[in-house]
Each structure stands twice: as structure tokens, then as C-alpha cells.
Amino acid sequence: MLREFNCLRLDGVDVEETVCQVAEEMPLSIFINGRHFATAMISPQLRSEFVAGHLFAERIVASLDEIESLEIEGNVARAIVSNPMRAIVPRRPIVSGCGGIASFLDESNLPEIKSDFQITREDIHAAMKSISQSKIHIATGGTHSVGLFAKSGAVCIIEDIGRHNAMDKAIGFALSRDVDLSHTYAACTGRISSDMALKCSVAGVPIIVSRGATTSLAISIAKRSGLTIVGFVRGKRHNVYTNSDRVEAF
């Protein structure tokens, strides 16, 4: 995930020739049953998990069983799915996340999260601490982290140049290991925008927390789907924007 480049570092009147570590970015073109579906700009690790998670989060497949085969060679991923028509039905884009491709919202068919899973203040702050200890982000300043957590601890903590790419990879990782997503919560380093809220809602992840802000459309999606949004997790503080019954207040 890291590459080194020569650069000039300027600090006031001081100029220094040095080597900087930079987060690696690569295109991945996804073909579904021979038809080009999308090209995403992602970090190079966990590409299979990204494709699986993205197809699930975008509702191209309802389960990983519907992916009949997946081959990745170079910068091309070729998937065979049991219902390829889902990939070509026109859908309205709502937002493009950083470093990747758009998510889509069918406003007439939002999923409903049914989960009695709850977390504590301590869970929230421990999760944010866990995803904030990335050596790659410290070295480059150029990645986002997404973690999926169960009551027993971290399911996975994944980094990518785009927060929604990292979310897709985390979902794909969990699905490939038969994790019950209805009893997990997600923590992310970036803002909780509409695409992040929709991905959690589709995957059935009942709670998402972030040290950053959220958006009005994310809150609207969360209210309709049953997602709990917790933002501005800093120090001992945080804001619960929706479905606060899943967060123990005391």
C-alpha cells in the first residue's frame, strides 16, 4: 500500500531533498458477465473482498452465493453472477465517495435493519481508538480506516484511499467468513455520508460511528432504514443522530 517518491520539503526558508511515503492507488475495472460495470480507484489489497462487498452493498447480489465465479487478473475483475440484469437497471446516483465510485439509492426500496444489538460509550471510543492507530495513515496521511466490531472485539480493520472502498472491503471480508452483520457495528475515520449510510443499511450493520460529521441525507436514510448514526466521536464526547436506543447512555 506504500510507495516512495523523491520530493522537496520546504519549511520556511529551509529546503530539503527527501523521500516521502505515499499511499498507493490503482484502478480496478469490474466486469459482470462480460459487461463493464464500473472502474474503481482503490488501494491494491483485498481486491476480492472489495468486489464481493461492493456487489453486495450495491444490491447486485443478495448473497455471496449469487457470485458464481470471480477472477482478478491485473487491474481487471471478472465476475459471473446469477442475476446480471441487476447490474444494468438504471439507478439514480446520489454521491461519489472519495477515491472510488458512486453509490446508488432506490428511494422506493430502502432496506430495513432489524437488530436489537446495543453498544456502550466504552465500545464506541475503543473502536475509534483501534481504527486510529494505522501506521500507513501516520506514514502517508492518505488513507481512511473502517473497522467492523462485534462484542468480542474487532472482526476486521481495513484501510483504503476511500472510506467507502474500505467499507466495501470490510463487508466483503465479513460476508466471506459468515459473520452475522446484524450483531456488529462499523467505525470509520471519515464523514458518514449517504453512501456510507446506505452500505450499512443494505448490509444490515445496525450502527456506524465516526470521529467526523454526518450529512442530512445520511440521517434521512438512517431514520428510514433503522440505522444508528454516531458522529463527532472525540475524547469522551459523541453525538447520536438516529435510533439512540442502540447506544447505552450511561
# chains A, B, ... in the order shown; residues from 1 in each chain; ligands from 1
call {"tool": "select_by_dssp", "arguments": {"residues": "segment 70-219 of chain A", "states": "alpha helix (DSSP H)", "output": "number ranges by chain"}}
result
A: 121-131, 135-140, 163-176, 194-203, 216-219
call {"tool": "write_last_selection", "arguments": {"atoms": "C-alpha atoms", "output": "PDB file, in the first residue's frame"}}
result
ATOM      1  CA  ARG A 121     -19.888   4.514  25.261  1.00  0.00           C
ATOM      2  CA  GLU A 122     -16.807   2.470  26.013  1.00  0.00           C
ATOM      3  CA  ASP A 123     -17.381   0.353  22.879  1.00  0.00           C
ATOM      4  CA  ILE A 124     -17.617   3.488  20.733  1.00  0.00           C
ATOM      5  CA  HIS A 125     -14.433   5.079  21.990  1.00  0.00           C
ATOM      6  CA  ALA A 126     -12.475   1.822  21.991  1.00  0.00           C
ATOM      7  CA  ALA A 127     -13.426   1.221  18.342  1.00  0.00           C
ATOM      8  CA  MET A 128     -12.359   4.716  17.304  1.00  0.00           C
ATOM      9  CA  LYS A 129      -9.051   4.270  19.117  1.00  0.00           C
ATOM     10  CA  SER A 130      -8.479   0.948  17.335  1.00  0.00           C
ATOM     11  CA  ILE A 131      -9.001   2.322  13.824  1.00  0.00           C
ATOM     12  CA  LYS A 135       0.830   3.021  10.679  1.00  0.00           C
ATOM     13  CA  ILE A 136       0.016   3.533   6.993  1.00  0.00           C
ATOM     14  CA  HIS A 137      -2.109   6.609   7.695  1.00  0.00           C
ATOM     15  CA  ILE A 138       0.528   8.002  10.041  1.00  0.00           C
ATOM     16  CA  ALA A 139       3.178   7.488   7.329  1.00  0.00           C
ATOM     17  CA  THR A 140       1.155   8.891   4.412  1.00  0.00           C
ATOM     18  CA  ARG A 163     -13.681   5.365   3.082  1.00  0.00           C
ATOM     19  CA  HIS A 164     -16.485   3.723   1.100  1.00  0.00           C
ATOM     20  CA  ASN A 165     -13.955   1.397  -0.585  1.00  0.00           C
ATOM     21  CA  ALA A 166     -12.784   0.392   2.894  1.00  0.00           C
ATOM     22  CA  MET A 167     -16.421  -0.188   3.890  1.00  0.00           C
ATOM     23  CA  ASP A 168     -16.996  -2.440   0.870  1.00  0.00           C
ATOM     24  CA  LYS A 169     -13.859  -4.415   1.723  1.00  0.00           C
ATOM     25  CA  ALA A 170     -14.949  -4.793   5.342  1.00  0.00           C
ATOM     26  CA  ILE A 171     -18.406  -6.010   4.279  1.00  0.00           C
ATOM     27  CA  GLY A 172     -16.880  -8.440   1.781  1.00  0.00           C
ATOM     28  CA  PHE A 173     -14.419  -9.698   4.400  1.00  0.00           C
ATOM     29  CA  ALA A 174     -17.217 -10.335   6.903  1.00  0.00           C
ATOM     30  CA  LEU A 175     -19.543 -12.000   4.393  1.00  0.00           C
ATOM     31  CA  SER A 176     -16.806 -14.351   3.203  1.00  0.00           C
ATOM     32  CA  SER A 194     -25.296   8.997   2.327  1.00  0.00           C
ATOM     33  CA  ASP A 195     -23.301   6.271   0.569  1.00  0.00           C
ATOM     34  CA  MET A 196     -21.828   5.048   3.857  1.00  0.00           C
ATOM     35  CA  ALA A 197     -25.280   5.006   5.496  1.00  0.00           C
ATOM     36  CA  LEU A 198     -26.761   3.118   2.558  1.00  0.00           C
ATOM     37  CA  LYS A 199     -23.992   0.493   2.535  1.00  0.00           C
ATOM     38  CA  CYS A 200     -24.529  -0.195   6.240  1.00  0.00           C
ATOM     39  CA  SER A 201     -28.297  -0.339   5.747  1.00  0.00           C
ATOM     40  CA  VAL A 202     -28.055  -2.812   2.852  1.00  0.00           C
ATOM     41  CA  ALA A 203     -25.563  -4.984   4.731  1.00  0.00           C
ATOM     42  CA  SER A 216     -28.602  15.369   6.181  1.00  0.00           C
ATOM     43  CA  LEU A 217     -29.214  12.666   3.561  1.00  0.00           C
ATOM     44  CA  ALA A 218     -27.346  10.086   5.647  1.00  0.00           C
ATOM     45  CA  ILE A 219     -29.622  10.927   8.591  1.00  0.00           C
TER      46      ILE A 219
END
call {"tool": "select_by_dssp", "arguments": {"residues": "segment 45-236 of chain A", "states": "strand (DSSP E)", "output": "PyMOL selection string"}}
result
chain A and resi 67-73+76-81+93-96+102-104+144-150+153-160+185-188+207-210+228-234
call {"tool": "closest_residue", "arguments": {"among": "A:Val81, A:Ile208, A:Val19, A:Ala222", "to": "Ile119 of chain A", "atoms": "only C-alpha atoms"}}
result
A:Ile208
call {"tool": "residues_around", "arguments": {"residues": "Gly204 of chain A", "least_positions_apart": "2", "cutoff": "10 Å", "atoms": "only C-alpha atoms", "output": "VMD selection string"}}
result
chain A and resid 57 111 to 115 180 to 185 198 to 202 206 to 207 225 to 227
call {"tool": "closest_atom_pairs", "arguments": {"of": "segment 118-207 of chain A", "to": "segment 30-41 of chain A", "cutoff": "10 Å", "atoms": "only C-alpha atoms", "output": "tab-separated table"}}
result
residue	atom	partner	partner_atom	distance
A:Asp160	CA	A:Met41	CA	9.8
A:Ile161	CA	A:Met41	CA	8.3
A:Gly162	CA	A:Met41	CA	8.3
A:Asn165	CA	A:Ala40	CA	8.6
call {"tool": "write_last_selection", "arguments": {"atoms": "N, CA and C atoms", "output": "PDB file, in the first residue's frame"}}
result
ATOM      1  N   ASP A 160      -8.083   1.999   3.129  1.00  0.00           N
ATOM      2  CA  ASP A 160      -8.144   2.234   1.691  1.00  0.00           C
ATOM      3  C   ASP A 160      -8.064   3.743   1.474  1.00  0.00           C
ATOM      4  N   ILE A 161      -7.757   4.140   0.239  1.00  0.00           N
ATOM      5  CA  ILE A 161      -7.728   5.573  -0.064  1.00  0.00           C
ATOM      6  C   ILE A 161      -9.115   6.194   0.033  1.00  0.00           C
ATOM      7  N   GLY A 162     -10.161   5.394  -0.098  1.00  0.00           N
ATOM      8  CA  GLY A 162     -11.537   5.888   0.015  1.00  0.00           C
ATOM      9  C   GLY A 162     -12.255   5.202   1.161  1.00  0.00           C
ATOM     10  N   ASN A 165     -14.673   2.592  -0.138  1.00  0.00           N
ATOM     11  CA  ASN A 165     -13.955   1.397  -0.585  1.00  0.00           C
ATOM     12  C   ASN A 165     -13.617   0.509   0.615  1.00  0.00           C
TER      13      ASN A 165
END
call {"tool": "atom_distance", "arguments": {"atom1": "atom CA of Arg237 of chain A", "atom2": "atom CA of Arg211 of chain A"}}
result
9.8 Å
call {"tool": "residues_around", "arguments": {"residues": "Leu2 of chain A", "least_positions_apart": "2", "cutoff": "8 Å", "atoms": "only C-alpha atoms", "output": "list of chain:residue names"}}
result
A:Glu4, A:Gln21, A:Val22, A:Ala23, A:Glu24, A:Ile136
